[in-house]
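Okay, model.cif is below, mmCIF, C-alpha atoms:
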data_my_file
#
loop_
_atom_site.label_atom_id
_atom_site.label_comp_id
_atom_site.auth_asym_id
_atom_site.auth_seq_id
_atom_site.Cartn_x
_atom_site.Cartn_y
_atom_site.Cartn_z
CA MET A 1 71.88 -75.52 11.66
CA LYS A 2 75.23 -73.97 10.62
CA PRO A 3 75.90 -73.86 6.87
CA LYS A 4 78.68 -76.01 5.53
CA LEU A 5 81.87 -74.06 4.71
CA TRP A 6 81.87 -75.21 1.09
CA ALA A 7 78.41 -73.68 0.65
CA LEU A 8 79.48 -70.20 1.75
CA PRO A 9 80.38 -67.54 -0.84
CA LEU A 10 84.10 -66.82 -1.25
CA LEU A 11 83.84 -63.36 0.37
CA ALA A 12 82.13 -64.88 3.38
CA LEU A 13 84.93 -67.43 3.71
CA ILE A 14 87.50 -64.64 3.59
CA ALA A 15 85.57 -62.72 6.25
CA LEU A 16 85.61 -65.76 8.53
CA ARG A 17 89.41 -65.88 8.31
CA ALA A 18 90.15 -62.13 8.41
CA HIS A 19 90.07 -59.31 10.89
CA ALA A 20 90.81 -55.61 10.49
CA ALA A 21 94.39 -54.51 11.13
CA VAL A 22 96.47 -51.33 10.97
CA PHE A 23 100.16 -50.96 10.14
CA GLU A 24 101.76 -47.58 10.93
CA PHE A 25 105.28 -46.31 10.39
CA ALA A 26 106.99 -42.92 10.25
CA GLY A 27 110.11 -41.64 8.55
CA THR A 28 112.46 -38.68 8.43
CA ALA A 29 114.20 -37.70 5.19
CA PHE A 30 117.83 -36.59 5.35
CA ASP A 31 120.20 -35.06 2.82
CA ARG A 32 123.88 -35.15 3.85
CA GLY A 33 122.84 -35.43 7.49
CA ASN A 34 120.39 -32.52 7.35
CA ALA A 35 116.73 -33.30 8.08
CA LEU A 36 114.42 -32.26 5.22
CA TYR A 37 110.91 -33.41 6.10
CA ARG A 38 108.88 -36.11 7.86
CA GLU A 39 106.40 -38.74 6.67
CA HIS A 40 103.64 -40.59 8.51
CA HIS A 41 102.17 -43.74 6.95
CA ARG A 42 98.97 -45.48 8.01
CA VAL A 43 98.00 -48.66 6.17
CA ASP A 44 94.55 -50.06 6.90
CA GLY A 45 93.95 -53.63 5.91
CA ALA A 46 93.19 -57.08 7.25
CA CYS A 47 94.94 -60.12 8.63
CA ILE A 48 94.00 -63.00 6.34
CA GLN A 49 95.25 -66.46 7.25
CA GLY A 50 97.98 -64.88 9.37
CA MET A 51 99.21 -62.44 6.68
CA PHE A 52 98.65 -58.69 6.46
CA ALA A 53 96.77 -57.56 3.34
CA PRO A 54 96.73 -53.78 2.69
CA ARG A 55 93.58 -51.94 1.60
CA ASP A 56 94.06 -48.17 2.13
CA HIS A 57 97.38 -46.39 2.63
CA ASN A 58 97.48 -42.73 3.67
CA VAL A 59 100.69 -40.69 3.79
CA ASN A 60 101.08 -37.21 5.29
CA TYR A 61 104.23 -35.19 4.65
CA PHE A 62 105.38 -32.60 7.21
CA LYS A 63 108.13 -30.02 7.27
CA GLN A 64 110.78 -30.85 9.84
CA GLU A 65 109.33 -28.23 12.18
CA GLY A 66 105.59 -28.05 12.81
CA ASP A 67 102.55 -30.24 12.25
CA ALA A 68 101.12 -28.73 9.07
CA THR A 69 101.13 -31.06 6.07
CA PHE A 70 102.72 -29.83 2.82
CA ALA A 71 101.80 -32.89 0.74
CA THR A 72 99.53 -35.94 0.93
CA LYS A 73 99.21 -39.28 -0.81
CA GLN A 74 96.38 -41.81 -0.78
CA LEU A 75 96.77 -45.33 -2.14
CA THR A 76 94.00 -47.88 -2.58
CA TYR A 77 94.87 -51.52 -3.15
CA LEU A 78 92.31 -53.27 -5.31
CA ASP A 79 93.10 -56.55 -7.09
CA THR A 80 96.79 -56.66 -6.18
CA PRO A 81 99.01 -54.94 -3.60
CA PHE A 82 101.60 -54.31 -6.33
CA ARG A 83 99.46 -51.83 -8.31
CA PRO A 84 97.49 -49.43 -6.10
CA GLU A 85 95.39 -46.52 -7.22
CA VAL A 86 97.30 -43.34 -6.32
CA LEU A 87 96.40 -39.74 -5.57
CA PHE A 88 99.38 -37.51 -4.73
CA HIS A 89 99.10 -33.78 -4.07
CA GLN A 90 101.79 -31.15 -3.44
CA PRO A 91 99.86 -27.86 -3.16
CA LEU A 92 103.00 -25.76 -2.65
CA PHE A 93 104.00 -26.49 -6.26
CA GLY A 94 100.50 -26.94 -7.62
CA GLU A 95 101.33 -30.57 -8.48
CA ARG A 96 98.77 -33.36 -8.59
CA LEU A 97 99.20 -36.96 -9.78
CA GLN A 98 96.44 -39.54 -10.08
CA ILE A 99 96.72 -43.17 -11.22
CA THR A 100 93.56 -45.21 -11.82
CA TYR A 101 92.61 -48.47 -13.56
CA PRO A 102 89.58 -47.90 -15.81
CA LYS A 103 90.14 -51.18 -17.67
CA GLU A 104 91.50 -54.54 -16.61
CA GLN A 105 94.61 -54.40 -18.79
CA SER A 106 95.38 -50.66 -18.66
CA LEU A 107 95.91 -47.76 -16.32
CA SER A 108 95.30 -44.02 -16.66
CA ILE A 109 97.59 -41.26 -15.43
CA ALA A 110 96.58 -37.63 -14.92
CA TRP A 111 99.50 -35.39 -13.95
CA GLN A 112 99.37 -31.68 -13.27
CA PRO A 113 103.05 -30.59 -13.20
CA PRO A 114 104.23 -27.52 -11.29
CA SER A 115 103.96 -25.47 -14.47
CA GLY A 116 102.15 -25.97 -17.74
CA HIS A 117 99.05 -27.90 -18.72
CA GLU A 118 97.86 -31.20 -17.27
CA LYS A 119 99.22 -34.29 -18.99
CA ALA A 120 97.27 -37.51 -19.48
CA PHE A 121 98.57 -40.98 -20.35
CA SER A 122 96.98 -44.35 -20.98
CA VAL A 123 99.38 -47.24 -20.32
CA GLU A 124 99.02 -50.97 -20.92
CA ALA A 125 99.44 -52.89 -17.66
CA ASP A 126 102.12 -55.56 -17.86
CA PRO A 127 101.54 -58.59 -15.55
CA ALA A 128 104.92 -57.83 -13.92
CA LEU A 129 104.13 -54.14 -13.39
CA VAL A 130 104.71 -52.52 -9.98
CA VAL A 131 103.31 -49.06 -9.16
CA ASP A 132 104.46 -46.55 -6.54
CA SER A 133 104.49 -47.99 -2.99
CA GLY A 134 103.50 -51.35 -4.43
CA PHE A 135 107.26 -51.99 -4.51
CA ASP A 136 107.17 -52.43 -0.71
CA HIS A 137 104.60 -55.22 -0.95
CA PHE A 138 106.42 -56.70 -3.94
CA VAL A 139 109.54 -57.02 -1.77
CA ARG A 140 107.60 -58.75 1.00
CA ALA A 141 105.82 -61.11 -1.39
CA ASN A 142 109.24 -62.25 -2.65
CA TRP A 143 110.87 -62.23 0.79
CA GLU A 144 112.08 -65.84 0.81
CA ARG A 145 113.72 -65.46 -2.62
CA ILE A 146 115.38 -62.18 -1.61
CA VAL A 147 116.89 -63.47 1.63
CA ALA A 148 118.08 -66.51 -0.34
CA GLY A 149 120.08 -64.13 -2.56
CA GLU A 150 117.98 -64.27 -5.72
CA SER A 151 117.48 -61.41 -8.18
CA ILE A 152 113.93 -60.65 -9.37
CA THR A 153 112.99 -58.73 -12.52
CA PHE A 154 109.85 -56.61 -12.82
CA ARG A 155 108.44 -53.51 -14.54
CA PHE A 156 108.21 -50.21 -12.67
CA LEU A 157 105.90 -47.35 -13.62
CA ALA A 158 107.36 -43.91 -14.33
CA PRO A 159 104.05 -42.00 -14.16
CA THR A 160 105.31 -38.59 -15.27
CA ARG A 161 106.74 -40.23 -18.41
CA GLY A 162 103.63 -42.31 -19.09
CA ASP A 163 105.56 -45.55 -19.42
CA HIS A 164 107.10 -48.41 -17.45
CA TYR A 165 110.63 -49.82 -17.56
CA GLY A 166 112.49 -53.00 -16.68
CA PHE A 167 114.08 -53.15 -13.23
CA VAL A 168 115.74 -55.79 -11.09
CA LEU A 169 115.39 -56.27 -7.35
CA GLU A 170 118.50 -57.82 -5.82
CA PRO A 171 120.48 -58.19 -2.57
CA ALA A 172 122.99 -55.41 -1.93
CA ASN A 173 125.71 -54.29 0.44
CA SER A 174 125.90 -50.65 1.51
CA ASP A 175 127.74 -48.74 4.21
CA GLN A 176 124.93 -46.15 4.05
CA ILE A 177 122.29 -48.50 5.43
CA ASP A 178 122.39 -50.60 8.60
CA ALA A 179 119.53 -53.10 8.27
CA ASP A 180 118.83 -56.81 8.67
CA VAL A 181 118.19 -57.06 4.92
CA THR A 182 119.56 -54.59 2.32
CA ILE A 183 118.46 -54.66 -1.31
CA GLN A 184 118.64 -52.40 -4.33
CA ILE A 185 116.35 -51.64 -7.25
CA ARG A 186 118.16 -50.80 -10.48
CA PRO A 187 117.22 -50.53 -14.18
CA THR A 188 117.93 -53.51 -16.42
CA SER A 189 118.66 -51.25 -19.40
CA VAL A 190 122.32 -50.22 -19.70
CA LEU A 191 121.27 -46.83 -21.09
CA LEU A 192 118.81 -46.21 -18.27
CA ARG A 193 121.47 -47.10 -15.70
CA LEU A 194 123.44 -44.08 -16.89
CA LEU A 195 120.45 -41.85 -16.14
CA VAL A 196 118.86 -43.46 -13.06
CA ASP A 197 120.73 -44.28 -9.87
CA PRO A 198 119.79 -47.46 -7.97
CA ILE A 199 117.39 -47.18 -5.04
CA LEU A 200 118.64 -48.75 -1.81
CA LEU A 201 116.17 -50.30 0.64
CA GLY A 202 116.65 -51.57 4.18
CA TYR A 203 114.30 -53.94 6.03
CA ARG A 204 113.98 -55.46 9.47
CA ALA A 205 113.95 -59.23 9.76
CA ASP A 206 110.14 -59.13 10.12
CA GLY A 207 109.72 -57.27 6.81
CA ALA A 208 109.21 -53.72 8.10
CA LEU A 209 110.91 -51.02 6.01
CA THR A 210 113.76 -49.21 7.80
CA ASP A 211 115.52 -47.25 5.02
CA TYR A 212 114.93 -45.75 1.60
CA PHE A 213 117.86 -44.12 -0.20
CA GLY A 214 117.21 -42.52 -3.57
CA LEU A 215 115.00 -40.19 -5.57
CA THR A 216 111.81 -39.21 -3.70
CA ASN A 217 108.47 -37.87 -4.92
CA VAL A 218 108.88 -34.69 -2.82
CA ARG A 219 109.96 -31.65 -4.78
CA ARG A 220 113.08 -29.66 -4.00
CA ASP A 221 111.97 -27.04 -6.52
CA GLU A 222 109.89 -26.85 -9.71
CA ASP A 223 112.56 -28.66 -11.72
CA ALA A 224 113.79 -31.46 -9.45
CA ASN A 225 112.83 -33.78 -6.58
CA HIS A 226 114.80 -34.44 -3.43
CA VAL A 227 117.29 -37.30 -3.35
CA ALA A 228 117.23 -38.39 0.27
CA HIS A 229 117.90 -41.08 2.84
CA ILE A 230 114.59 -41.75 4.61
CA ARG A 231 114.90 -43.59 7.91
CA TYR A 232 111.75 -45.32 9.11
CA GLN A 233 110.50 -46.52 12.49
CA VAL A 234 107.51 -48.75 13.18
CA VAL A 235 104.69 -47.06 15.07
CA ARG A 236 102.28 -49.99 15.13
CA LEU A 237 102.48 -53.52 13.72
CA PRO A 238 99.30 -55.10 12.34
CA GLY A 239 99.28 -58.12 14.66
CA CYS A 240 100.02 -60.62 11.87
CA GLU A 241 102.93 -61.40 9.60
CA LEU A 242 104.23 -58.94 6.98
CA THR A 243 106.13 -61.61 5.04
CA PRO A 244 105.27 -65.20 4.02
#
Step by step, read the file and then write its structure as structure tokens.
Amino acid sequence: MKPKLWALPLLALIALRAHAAVFEFAGTAFDRGNALYREHHRVDGACIQGMFAPRDHNVNYFKQEGDATFATKQLTYLDTPFRPEVLFHQPLFGERLQITYPKEQSLSIAWQPPSGHEKAFSVEADPALVVDSGFDHFVRANWERIVAGESITFRFLAPTRGDHYGFVLEPANSDQIDADVTIQIRPTSVLLRLLVDPILLGYRADGALTDYFGLTNVRRDEDANHVAHIRYQVVRLPGCELTP
């Protein structure tokens, strides 16, 4: 006799409604029309009740010519897609960044900069905190509000500073991006706005990222990162919806 659904453990119920799925996309970074490097993203996850839920996200960075990677990033989504664990490595500059969650209400950062000693930070996790590529899933989770023209406030982690800051996600118009939906992420602090330029994002109508315009995590040299326009193309959709 089949067990009643209400008698099954929660994980078993989720398994009944989920199947493995893969979302892949690739991008090329440009600066003033000149190609800088390429990215390939593979996100393994599951389709749960018709929605894609990420689990593991692997990024390989390539020079514009050739297939050898010059940097890698691995993200693991645990309790929320907004705050993944992160391991980023740029061997050319000897840089390594790791973000983990040893306690429920805090996160740990270990950063080896291009020069000098490793730095370590312990940061309290705000309920509205977004980490690294979690911003992409944060956008999709708030898709209906964004396309309706709403602005959404949140906290964004600056890992090399060991702190997080207030930002707002809002609709935008830009002649630099041609997308179905264009938004920007900017600091809420007036002082921080003088130091940090907004990040522009473009999305397809189905929620797939098409454009990123702003400061990247790829180094130009030991002192500064590239500011680039990254144009993305979908390689493989997961077979379920990306947005609610």
Residue members of the PyMOL selection byres ((chain A and resi 178) around 10) in the file shown, as a PyMOL selection string: chain A and resi 173-177+179-182+202-204+210-211
Can you tell me which residues surround A:Gly116 at a distance of at most 12 Å, considering all atoms listed in the file, apart from same-chain residues fewer than 4 positions away, and format the answer as a CSV table (one decimal) with C-alpha atoms, keeping the file's coordinate frame?
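As a result, result-v6.csv now contains:
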chain,number,residue,atom,x,y,z
A,93,PHE,CA,104.0,-26.5,-6.3
A,94,GLY,CA,100.5,-26.9,-7.6
A,95,GLU,CA,101.3,-30.6,-8.5
A,111,TRP,CA,99.5,-35.4,-14.0
A,112,GLN,CA,99.4,-31.7,-13.3
A,222,GLU,CA,109.9,-26.8,-9.7
Distance in Å - atom CA of A:Tyr212 versus atom CA of A:Ile199: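 Spanning atom CA of A:Tyr212 to atom CA of A:Ile199 is a straight-line distance of 7.2 Å.
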Picked residues, the PyMOL selection byres ((chain A and resi 72) around 8), as an MDAnalysis selection string: chainID A and resid 58:61 69:71 73:74 88:90
Same residues, C-alpha atoms, saved as a short mmCIF file (atom, residue, chain, number, x, y, z; two decimals), keeping the file's coordinate frame:
data_model
loop_
_atom_site.label_atom_id
_atom_site.label_comp_id
_atom_site.auth_asym_id
_atom_site.auth_seq_id
_atom_site.Cartn_x
_atom_site.Cartn_y
_atom_site.Cartn_z
CA ASN A 58 97.48 -42.73 3.67
CA VAL A 59 100.69 -40.69 3.79
CA ASN A 60 101.08 -37.21 5.29
CA TYR A 61 104.23 -35.19 4.65
CA THR A 69 101.13 -31.06 6.07
CA PHE A 70 102.72 -29.83 2.82
CA ALA A 71 101.80 -32.89 0.74
CA LYS A 73 99.21 -39.28 -0.81
CA GLN A 74 96.38 -41.81 -0.78
CA PHE A 88 99.38 -37.51 -4.73
CA HIS A 89 99.10 -33.78 -4.07
CA GLN A 90 101.79 -31.15 -3.44
#
Please evaluate the PyMOL selection byres ((chain A and resi 55) around 8) against the displayed coordinates and give the resulting residues as a PDB file with C-alpha atoms, keeping the file's coordinate frame.
ATOM      1  CA  VAL A  43      98.000 -48.660   6.170  1.00  0.00           C
ATOM      2  CA  ASP A  44      94.550 -50.060   6.900  1.00  0.00           C
ATOM      3  CA  GLY A  45      93.950 -53.630   5.910  1.00  0.00           C
ATOM      4  CA  ALA A  46      93.190 -57.080   7.250  1.00  0.00           C
ATOM      5  CA  ALA A  53      96.770 -57.560   3.340  1.00  0.00           C
ATOM      6  CA  PRO A  54      96.730 -53.780   2.690  1.00  0.00           C
ATOM      7  CA  ASP A  56      94.060 -48.170   2.130  1.00  0.00           C
ATOM      8  CA  HIS A  57      97.380 -46.390   2.630  1.00  0.00           C
ATOM      9  CA  THR A  76      94.000 -47.880  -2.580  1.00  0.00           C
ATOM     10  CA  TYR A  77      94.870 -51.520  -3.150  1.00  0.00           C
ATOM     11  CA  LEU A  78      92.310 -53.270  -5.310  1.00  0.00           C
TER      12      LEU A  78
END
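With distances taken over all atoms listed in the file, A:Arg83 is the one residue among A:Arg83, A:Pro114, A:His226, A:Gly214 lying closest to A:Phe156.
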At a cut-off of 9 Å, using all atoms listed in the file, what residues contact A:Val130? Leave out same-chain residues fewer than 5 positions from it and give the result as a PDB file with C-alpha atoms, in the frame of the given file.
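Now in selection.pdb:
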ATOM      1  CA  PRO A  81      99.010 -54.940  -3.600  1.00  0.00           C
ATOM      2  CA  PHE A  82     101.600 -54.310  -6.330  1.00  0.00           C
ATOM      3  CA  ARG A  83      99.460 -51.830  -8.310  1.00  0.00           C
ATOM      4  CA  PRO A  84      97.490 -49.430  -6.100  1.00  0.00           C
ATOM      5  CA  PHE A 135     107.260 -51.990  -4.510  1.00  0.00           C
ATOM      6  CA  PHE A 138     106.420 -56.700  -3.940  1.00  0.00           C
ATOM      7  CA  PHE A 154     109.850 -56.610 -12.820  1.00  0.00           C
ATOM      8  CA  ARG A 155     108.440 -53.510 -14.540  1.00  0.00           C
ATOM      9  CA  PHE A 156     108.210 -50.210 -12.670  1.00  0.00           C
ATOM     10  CA  LEU A 157     105.900 -47.350 -13.620  1.00  0.00           C
ATOM     11  CA  HIS A 164     107.100 -48.410 -17.450  1.00  0.00           C
TER      12      HIS A 164
END
Exercise: residues within 9 Å of coordinate (94.4, -52.2, -18.2), counting all atoms listed in the file, as a list in words: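 Within the cut-off we find Tyr101, Pro102, Lys103, Glu104, Gln105, Ser106, Leu107, Ser108, Ser122, Val123, Glu124, Ala125 and Asp126 of chain A.
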Pick from A:Asn142, A:Thr153, A:Gln64, A:Thr160 nearest to A:Gly207, counting all atoms listed in the file: A:Asn142
Neighbour list for A:Phe121 as a VMD selection string, cut-off 7 Å, only C-alpha atoms, skip fewer than 3 positions in-chain: chain A and resid 108 to 110 162
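Counting from atom CA of A:Gly33, the distance to atom CA of A:Ala228 is 9.6 Å.
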Shell of 6 Å around A:Leu200, all atoms listed in the file, local chain residues under 6 positions omitted, as an MDAnalysis selection string: chainID A and resid 183:184 212:213
Nearest residue to A:Val168 from the set A:Ala128, A:Asn225, A:Ala20, A:Ala148 (distances using all atoms listed in the file): A:Ala128
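Using only C-alpha atoms, the shortest contact distance between A:Thr80 and any of A:Pro171, A:Pro127, A:Val234, A:Arg145 is found at A:Pro127.
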Distance in Å - atom CA of A:Ala141 versus atom CA of A:Leu195: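 Separating atom CA of A:Ala141 from atom CA of A:Leu195 is a distance of 28.3 Å.
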Using only C-alpha atoms: which of A:Cys47, A:Val131, A:Thr188, A:Pro113 has the shortest distance to A:Asp223: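 Selected residue with least distance to A:Asp223: A:Pro113.
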Residue among A:Glu170, A:Glu144, A:Asp221, A:Asp132 lying closest to A:Ala158, counting all atoms listed in the file: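 Closest to A:Ala158 of all the choices is A:Asp132.
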